[in-house]
Structures are given as structure tokens and as C-alpha cells.
Amino acid sequence: MSHTGALAGPDFLCDGILKQAGIIRVTSIEDLFSHGWALATQPPLAGKRIGIVTNSGGPATAISHTLDLEGMEVPCFSEDLQNRIRPHVPLNASTVNPVDLTFYLDIELLAATVPEMIMKSNEVDGMIIHGVVNFSVGRKAQDDNEDSDILLGRPQDRSVIERMTSLPLRYNTPLLISSFFDRDDKYTAAYEDNNVPVFDSPEKAARAMVSLLRYREIRDRKITAPPVIPAPDSGARRIIMTALDKGQRALDEYEAKRILSLYGIPVTLERLVLKEEDAVHAAKNIGFPVALKACSWEIMHKTE
């Protein structure tokens, strides 16, 4: 992508090169680390189907929209699965996918009960939960020495954390959390310390899930052996020996490309000329437009 003589290149070209090389592309340093974190802690994502459980419709919409833009799927749950979920959720909750509990203050339901029902169903390949961290309408008064969080009448105890963080390994299904709280919240730290990544926006969690799919696609590629290229004749050796005889400590660009071509590697069509009239003649043979470059083994890098 560099050394092309252009100030900038087409983004689609960069994207294609990275995909062919098996590189997952992200758009920020933050995503570089957070997506790597998800890849390091979560099981492989088997497919594109993502289940969403949330305490609010807005984040669910943001997650669904981001997944859709990346070619992922947020499938409607079967009637059988919805019928199993309904007795556990309030009447105004959506059970289709996303499952929207609409600020129903039952942390165990949001963090463990409903997600486990969905994972058991085999109707999703991955799960994103929004709102489980410090889930309350008003911030609690918390004693730093306590192990429970007052959630308007319901304690968020360690057994719920342990149950939720065990889901990825028990069902071999990736689980990511979206929350507006950071690691200063002790429950965010508890999830993260138990290998369940917490992202500070719905969109970031969705994009990390996409990277899990990209990794699985790269891993499942069929590996094909490169074509066998016969060793060149003595031509390559002659080029090198001639350069050494002239006292060169390196090959110039023209010599190096001749050797590459002998090994079957495509190179640009070019001519080495020493006089103006030869340059004009070579340009006509190659066809316009053409580029004119200096060629010397003593000039290892040129700035246009």
C-alpha cells in the first residue's frame, strides 16, 4: 500500500488486502485491544445468529443496527422459546429478540435466567447483554466491604455473577456485556475478572462480536499449497555476480526485479536506459503514460 507514489490509496483496496491476509481490521487503538480481549476470552463464534437481552430498548436497537450493518443476524426466537421465556418476564417485555425487560429490576433474570434459556435453545451463536452492571434506577449506597449491591430491594449476589460468567464455557457460546459503567464499578470488575468482557457502549460490544465471527471465518479457511515455482537457471546468479564484480554492495531496482521475474513473481514492465533517445524509444514501446525513475544501487530509497 505504501511506496506506490500516491498520497492516499482506496480504502476498499486496503480492506481487501487485509482480508486476504487473514487480518481483522479495526478502526481505533481502543478496538484493537478490546477486540483482542474478546478473542482471548470467548469461545469461537459458530455462526452469525446473535441473541440480545437488555433492560432498555435504545441499547437493543443500537446493538441490532450495528450487527445488521456488519452482515450479522438477530433472528426472531421460535414460539417454543418465547413461550418458555414469557412466564419469567413482565407482561410489557418483548420476547422476540432482542428480549427487552424494560427496566424490570430482577438482575438474575437479566444476567442469567433468560440468557441461559436462550443459549440452551441452540437458536443463537452468540449473546450480548446490556444493563447487568450495577443495574439500578438510582445509584445505591454501597459499603466497599460488602459483597452485595442494593438493587431497589434485590441483592445482586456473587452466585448470580458466577452463574452468568460460567455460561460461555458451559454452552460454548460467546457472551459480551454492554454497560455504561466502567471498571470503577466493582461488578464490572467481577465480570471482567471472570473473563466476560464489558464494553462501555452497545455498538462497541456488537463490533467485538463481529470480530469473533471474522476470526472463525479466517480459522476455517481451507489452506491451499502455493504453486511450485521451478528454480531459475543461472540467470539470477549471473545478475548477482555481475553486481559484485562491479563493486556493488546491493542490487539496484532493475536488477532486483529481474531476479524476481526469474522466480515467477510479476513485476512492472520497464526498461533500463542510459540516454535520452533510448528513453523516448522505450516509452513508445511500453505505452503511455510512463514513469521515469532514477536507478542506482546507491539510492536505496527515493522520495518523490
# chains A, B, ... in the order shown; residues from 1 in each chain; ligands from 1
call {"tool": "residues_around", "arguments": {"residues": "region 40-45 of chain A", "least_positions_apart": "2", "cutoff": "12 Å", "atoms": "only C-alpha atoms", "output": "JSON, numbers by chain"}}
result
{"A": [33, 34, 35, 36, 37, 38, 47, 48, 49, 50, 72, 124, 125, 126, 127, 165, 166, 167, 168, 169, 170, 171, 172, 173, 174, 175, 176, 177, 191, 192, 193, 194, 195, 196, 197, 198, 208, 209, 210, 211, 212, 213, 214, 215, 216, 217, 218, 219, 220]}
call {"tool": "select_by_dssp", "arguments": {"residues": "region 194-262 of chain A", "states": "alpha helix (DSSP H)", "output": "VMD selection string"}}
result
chain A and resid 202 to 219 235 to 245 253 to 262
call {"tool": "write_last_selection", "arguments": {"atoms": "C-alpha atoms", "output": "PDB file, in the first residue's frame"}}
result
ATOM      1  CA  PRO A 202     -23.797  -1.119  22.801  1.00  0.00           C
ATOM      2  CA  GLU A 203     -22.088  -0.511  19.459  1.00  0.00           C
ATOM      3  CA  LYS A 204     -18.654  -1.486  20.779  1.00  0.00           C
ATOM      4  CA  ALA A 205     -19.975  -4.784  22.110  1.00  0.00           C
ATOM      5  CA  ALA A 206     -21.636  -5.506  18.756  1.00  0.00           C
ATOM      6  CA  ARG A 207     -18.472  -4.734  16.774  1.00  0.00           C
ATOM      7  CA  ALA A 208     -16.428  -7.006  19.042  1.00  0.00           C
ATOM      8  CA  MET A 209     -18.898  -9.817  18.351  1.00  0.00           C
ATOM      9  CA  VAL A 210     -18.351  -9.248  14.627  1.00  0.00           C
ATOM     10  CA  SER A 211     -14.612  -9.716  15.150  1.00  0.00           C
ATOM     11  CA  LEU A 212     -15.326 -13.092  16.756  1.00  0.00           C
ATOM     12  CA  LEU A 213     -17.095 -14.119  13.554  1.00  0.00           C
ATOM     13  CA  ARG A 214     -14.276 -12.797  11.366  1.00  0.00           C
ATOM     14  CA  TYR A 215     -11.777 -14.856  13.355  1.00  0.00           C
ATOM     15  CA  ARG A 216     -13.850 -18.007  12.918  1.00  0.00           C
ATOM     16  CA  GLU A 217     -14.077 -17.381   9.168  1.00  0.00           C
ATOM     17  CA  ILE A 218     -10.301 -16.934   8.966  1.00  0.00           C
ATOM     18  CA  ARG A 219      -9.669 -20.044  11.038  1.00  0.00           C
ATOM     19  CA  GLY A 235      20.396 -16.055 -14.916  1.00  0.00           C
ATOM     20  CA  ALA A 236      19.807 -14.943 -11.327  1.00  0.00           C
ATOM     21  CA  ARG A 237      23.313 -15.955 -10.333  1.00  0.00           C
ATOM     22  CA  ARG A 238      24.786 -14.036 -13.268  1.00  0.00           C
ATOM     23  CA  ILE A 239      22.957 -10.856 -12.234  1.00  0.00           C
ATOM     24  CA  ILE A 240      24.292 -11.125  -8.682  1.00  0.00           C
ATOM     25  CA  MET A 241      27.859 -11.975  -9.744  1.00  0.00           C
ATOM     26  CA  THR A 242      27.921  -9.083 -12.222  1.00  0.00           C
ATOM     27  CA  ALA A 243      26.824  -6.682  -9.496  1.00  0.00           C
ATOM     28  CA  LEU A 244      29.535  -7.991  -7.169  1.00  0.00           C
ATOM     29  CA  ASP A 245      32.169  -7.681  -9.876  1.00  0.00           C
ATOM     30  CA  GLU A 253      15.846  -1.826  -8.525  1.00  0.00           C
ATOM     31  CA  TYR A 254      16.118  -3.058 -12.101  1.00  0.00           C
ATOM     32  CA  GLU A 255      18.442  -5.927 -11.169  1.00  0.00           C
ATOM     33  CA  ALA A 256      16.289  -6.962  -8.220  1.00  0.00           C
ATOM     34  CA  LYS A 257      13.143  -7.034 -10.365  1.00  0.00           C
ATOM     35  CA  ARG A 258      14.871  -9.166 -12.999  1.00  0.00           C
ATOM     36  CA  ILE A 259      15.655 -11.750 -10.327  1.00  0.00           C
ATOM     37  CA  LEU A 260      12.074 -11.646  -9.025  1.00  0.00           C
ATOM     38  CA  SER A 261      10.736 -12.224 -12.539  1.00  0.00           C
ATOM     39  CA  LEU A 262      13.003 -15.270 -12.923  1.00  0.00           C
TER      40      LEU A 262
END
call {"tool": "atom_distance", "arguments": {"atom1": "CA of Leu67 (chain A)", "atom2": "CA of Ala189 (chain A)"}}
result
25.9 Å
call {"tool": "closest_residue", "arguments": {"among": "A:Gln82, A:Thr113, A:Thr27, A:Ser201", "to": "Gly58 (chain A)", "atoms": "only C-alpha atoms"}}
result
A:Ser201
call {"tool": "atom_distance", "arguments": {"atom1": "CA of Gly264 (chain A)", "atom2": "CA of Val228 (chain A)"}}
result
10.0 Å
call {"tool": "select_by_dssp", "arguments": {"residues": "region 86-244 of chain A", "states": "strand (DSSP E)", "output": "list in words"}}
result
Val99, Asp100, Gly126, Met127, Ile128, Ile129, His130, Ile150, Leu151, Arg154, Pro155, Leu175, Leu176, Ile177, Ser178, Val198 and Phe199 of chain A
call {"tool": "decode", "arguments": {"residues": "region 218-265 of chain A", "atoms": "C-alpha atoms", "output": "PDB file, in the first residue's frame"}}
result
ATOM      1  CA  ILE A 218     -10.301 -16.934   8.966  1.00  0.00           C
ATOM      2  CA  ARG A 219      -9.669 -20.044  11.038  1.00  0.00           C
ATOM      3  CA  ASP A 220     -11.998 -22.145   8.861  1.00  0.00           C
ATOM      4  CA  ARG A 221     -10.364 -21.182   5.582  1.00  0.00           C
ATOM      5  CA  LYS A 222      -9.041 -24.039   3.523  1.00  0.00           C
ATOM      6  CA  ILE A 223      -5.279 -23.870   3.308  1.00  0.00           C
ATOM      7  CA  THR A 224      -4.027 -24.382  -0.213  1.00  0.00           C
ATOM      8  CA  ALA A 225      -0.422 -25.061  -1.044  1.00  0.00           C
ATOM      9  CA  PRO A 226       1.252 -22.319  -3.082  1.00  0.00           C
ATOM     10  CA  PRO A 227       2.216 -23.221  -6.638  1.00  0.00           C
ATOM     11  CA  VAL A 228       5.604 -24.819  -7.046  1.00  0.00           C
ATOM     12  CA  ILE A 229       7.926 -22.494  -8.956  1.00  0.00           C
ATOM     13  CA  PRO A 230      10.935 -24.186 -10.532  1.00  0.00           C
ATOM     14  CA  ALA A 231      14.307 -22.786  -9.608  1.00  0.00           C
ATOM     15  CA  PRO A 232      15.579 -20.352 -12.231  1.00  0.00           C
ATOM     16  CA  ASP A 233      18.535 -21.110 -14.415  1.00  0.00           C
ATOM     17  CA  SER A 234      21.873 -19.434 -13.882  1.00  0.00           C
ATOM     18  CA  GLY A 235      20.396 -16.055 -14.916  1.00  0.00           C
ATOM     19  CA  ALA A 236      19.807 -14.943 -11.327  1.00  0.00           C
ATOM     20  CA  ARG A 237      23.313 -15.955 -10.333  1.00  0.00           C
ATOM     21  CA  ARG A 238      24.786 -14.036 -13.268  1.00  0.00           C
ATOM     22  CA  ILE A 239      22.957 -10.856 -12.234  1.00  0.00           C
ATOM     23  CA  ILE A 240      24.292 -11.125  -8.682  1.00  0.00           C
ATOM     24  CA  MET A 241      27.859 -11.975  -9.744  1.00  0.00           C
ATOM     25  CA  THR A 242      27.921  -9.083 -12.222  1.00  0.00           C
ATOM     26  CA  ALA A 243      26.824  -6.682  -9.496  1.00  0.00           C
ATOM     27  CA  LEU A 244      29.535  -7.991  -7.169  1.00  0.00           C
ATOM     28  CA  ASP A 245      32.169  -7.681  -9.876  1.00  0.00           C
ATOM     29  CA  LYS A 246      31.234  -4.007 -10.251  1.00  0.00           C
ATOM     30  CA  GLY A 247      31.776  -3.453  -6.538  1.00  0.00           C
ATOM     31  CA  GLN A 248      28.096  -3.079  -5.651  1.00  0.00           C
ATOM     32  CA  ARG A 249      27.015  -3.756  -2.078  1.00  0.00           C
ATOM     33  CA  ALA A 250      23.374  -4.092  -3.138  1.00  0.00           C
ATOM     34  CA  LEU A 251      21.279  -4.686  -6.239  1.00  0.00           C
ATOM     35  CA  ASP A 252      19.595  -1.756  -7.908  1.00  0.00           C
ATOM     36  CA  GLU A 253      15.846  -1.826  -8.525  1.00  0.00           C
ATOM     37  CA  TYR A 254      16.118  -3.058 -12.101  1.00  0.00           C
ATOM     38  CA  GLU A 255      18.442  -5.927 -11.169  1.00  0.00           C
ATOM     39  CA  ALA A 256      16.289  -6.962  -8.220  1.00  0.00           C
ATOM     40  CA  LYS A 257      13.143  -7.034 -10.365  1.00  0.00           C
ATOM     41  CA  ARG A 258      14.871  -9.166 -12.999  1.00  0.00           C
ATOM     42  CA  ILE A 259      15.655 -11.750 -10.327  1.00  0.00           C
ATOM     43  CA  LEU A 260      12.074 -11.646  -9.025  1.00  0.00           C
ATOM     44  CA  SER A 261      10.736 -12.224 -12.539  1.00  0.00           C
ATOM     45  CA  LEU A 262      13.003 -15.270 -12.923  1.00  0.00           C
ATOM     46  CA  TYR A 263      11.223 -16.761  -9.901  1.00  0.00           C
ATOM     47  CA  GLY A 264       7.812 -16.149 -11.462  1.00  0.00           C
ATOM     48  CA  ILE A 265       6.942 -13.067  -9.417  1.00  0.00           C
TER      49      ILE A 265
END
